[in-house]
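Colleague: Got a structure for you, written out below as structure tokens; questions coming shortly.
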Amino acid sequence: QVQLVESGGGLVQAGGSLRVSCAASGGTFSNNAVGWFRQPPGKQHEFVASISGSGGRTHYVDPVKGRFTISRDNAKNTVYLLMNSLKPDDTAKYFCVLDLSRDDNSEADPAAWTSFATWGRGTQVTVSS
């Protein structure tokens, strides 16, 4: 069974950058969409970005467009989220999710990423003002 492990979170000042990673192990990866969600304190999961299996299609939620970049290295079974110009509102626990049934998934509803999907345990990103 595929497992996902996020890393790279931390504390950063507003305006700074971080790159979080999502490493997959235990199964195939390159044919499947991967998404990043975040959960701010006391709030529900929010869609951030997703990328198709080949990496040719990417999708972003409006508040992060132009600041965040999702990418993947299938040879390393890893997906990245580069976050620039970070804001305090970006503070959240960031989760990656692998859609085991689709090559591309742009759905913002977390429910669309729960059937035939694997979630990581998250990495905390804190942006100070």
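Residues are referred to by chain and number: the chain letter is A, B, ... according to the order shown in the structure tokens, the number counts from 1 in that chain, and ligands are numbered separately from 1 in the order shown.
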Write down as a PyMOL selection string the residues belonging to chain A that are assigned strand (DSSP E or B) by DSSP computed on the backbone.

Modeller: chain A and resi 3-7+10-13+18-25+34-39+46-51+58-60+68-73+78-83+92-99+117-119+123-128

Colleague: Could you build a table of the residues in range 2-75 of chain A lying no more than 12 Å from range 115-118 of chain A, giving for each the nearest pair of atoms and their separation in Å rounded to one decimal place, using only C-alpha atoms, ordered by chain and ascending residue number, as JSON lines?

Modeller:
{"residue": "A:Val2", "atom": "CA", "partner": "A:Thr118", "partner_atom": "CA", "distance": 7.1}
{"residue": "A:Gln3", "atom": "CA", "partner": "A:Thr118", "partner_atom": "CA", "distance": 7.0}
{"residue": "A:Leu4", "atom": "CA", "partner": "A:Thr118", "partner_atom": "CA", "distance": 7.3}
{"residue": "A:Val5", "atom": "CA", "partner": "A:Thr118", "partner_atom": "CA", "distance": 10.6}
{"residue": "A:Cys22", "atom": "CA", "partner": "A:Thr118", "partner_atom": "CA", "distance": 11.8}
{"residue": "A:Ala24", "atom": "CA", "partner": "A:Thr118", "partner_atom": "CA", "distance": 9.9}
{"residue": "A:Ser25", "atom": "CA", "partner": "A:Thr118", "partner_atom": "CA", "distance": 11.3}
{"residue": "A:Gly26", "atom": "CA", "partner": "A:Thr118", "partner_atom": "CA", "distance": 11.6}
{"residue": "A:Gly27", "atom": "CA", "partner": "A:Thr118", "partner_atom": "CA", "distance": 11.3}
{"residue": "A:Phe29", "atom": "CA", "partner": "A:Thr118", "partner_atom": "CA", "distance": 11.2}
{"residue": "A:Asn32", "atom": "CA", "partner": "A:Ala117", "partner_atom": "CA", "distance": 9.9}
{"residue": "A:Ala33", "atom": "CA", "partner": "A:Ala117", "partner_atom": "CA", "distance": 9.7}
{"residue": "A:Val34", "atom": "CA", "partner": "A:Ala117", "partner_atom": "CA", "distance": 9.4}
{"residue": "A:Gly35", "atom": "CA", "partner": "A:Ala117", "partner_atom": "CA", "distance": 10.3}
{"residue": "A:Trp36", "atom": "CA", "partner": "A:Thr118", "partner_atom": "CA", "distance": 11.8}

Colleague: I need the chosen residues saved as a CSV table (one decimal), in the first residue's frame, with N, CA, C and O atoms.

Modeller:
chain,number,residue,atom,x,y,z
A,2,VAL,N,0.5,2.2,-0.8
A,2,VAL,CA,1.3,3.4,-0.9
A,2,VAL,C,1.2,4.2,0.4
A,2,VAL,O,0.1,4.4,0.9
A,3,GLN,N,2.3,4.7,0.8
A,3,GLN,CA,2.3,5.7,2.0
A,3,GLN,C,3.0,7.0,1.6
A,3,GLN,O,3.9,7.0,0.8
A,4,LEU,N,2.5,8.1,2.2
A,4,LEU,CA,3.0,9.4,1.9
A,4,LEU,C,3.5,10.0,3.1
A,4,LEU,O,2.9,9.9,4.2
A,5,VAL,N,4.7,10.7,3.0
A,5,VAL,CA,5.3,11.4,4.1
A,5,VAL,C,5.6,12.8,3.7
A,5,VAL,O,6.4,13.0,2.7
A,22,CYS,N,6.5,15.8,-0.5
A,22,CYS,CA,5.7,14.7,-0.2
A,22,CYS,C,6.3,13.5,-0.9
A,22,CYS,O,6.3,13.4,-2.1
A,24,ALA,N,6.5,9.4,-1.6
A,24,ALA,CA,5.7,8.2,-1.7
A,24,ALA,C,6.5,7.0,-1.6
A,24,ALA,O,7.6,6.9,-2.2
A,25,SER,N,6.0,6.0,-1.0
A,25,SER,CA,6.7,4.7,-0.9
A,25,SER,C,5.7,3.5,-1.0
A,25,SER,O,4.5,3.7,-0.6
A,26,GLY,N,6.1,2.4,-1.4
A,26,GLY,CA,5.3,1.2,-1.3
A,26,GLY,C,4.3,1.0,-2.5
A,26,GLY,O,3.5,0.1,-2.4
A,27,GLY,N,4.5,1.7,-3.6
A,27,GLY,CA,3.6,1.5,-4.7
A,27,GLY,C,3.9,2.4,-5.9
A,27,GLY,O,4.8,3.3,-5.8
A,29,PHE,N,3.3,5.5,-8.5
A,29,PHE,CA,3.0,6.9,-8.2
A,29,PHE,C,2.9,7.8,-9.5
A,29,PHE,O,2.1,8.7,-9.5
A,32,ASN,N,-0.7,8.9,-11.3
A,32,ASN,CA,-1.7,9.4,-10.4
A,32,ASN,C,-1.6,10.9,-10.0
A,32,ASN,O,-0.5,11.3,-9.8
A,33,ALA,N,-2.7,11.5,-9.9
A,33,ALA,CA,-2.8,12.9,-9.4
A,33,ALA,C,-2.4,13.0,-8.0
A,33,ALA,O,-2.7,12.1,-7.2
A,34,VAL,N,-1.7,14.1,-7.6
A,34,VAL,CA,-1.4,14.3,-6.2
A,34,VAL,C,-1.8,15.8,-5.9
A,34,VAL,O,-1.7,16.7,-6.7
A,35,GLY,N,-2.4,15.9,-4.8
A,35,GLY,CA,-2.9,17.2,-4.3
A,35,GLY,C,-2.3,17.6,-3.0
A,35,GLY,O,-1.8,16.8,-2.3
A,36,TRP,N,-2.3,18.9,-2.8
A,36,TRP,CA,-1.9,19.5,-1.5
A,36,TRP,C,-3.1,20.2,-0.9
A,36,TRP,O,-3.8,21.0,-1.6

Colleague: Nearest residue to Ile51 in chain A out of A:Asn74, A:Glu6, A:Ser106, A:Asp90, using only C-alpha atoms?

Modeller: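 The shortest atom-to-atom distance to Ile51 in chain A comes from A:Ser106.
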
Colleague: Give me, as a list in words, all polymer residues having an atom no more than 10 Å from Ser7 in chain A, counting only C-alpha atoms and skipping those fewer than 2 positions away in the same chain.

Modeller: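 Surrounding residues, per the criterion: Val5, Gly9, Gly10, Arg19, Val20, Ser21, Cys22, Ala23, Tyr80, Tyr94, Phe95, Arg121, Gly122, Thr123 and Gln124 of chain A.
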
Colleague: Quick one: everything within 8 Å of Ser30 in chain A, counting only C-alpha atoms, minus sequence neighbours fewer than 6 positions away in the same chain. Send it as a ChimeraX atom specification.

Modeller: /A:53-54,74,77
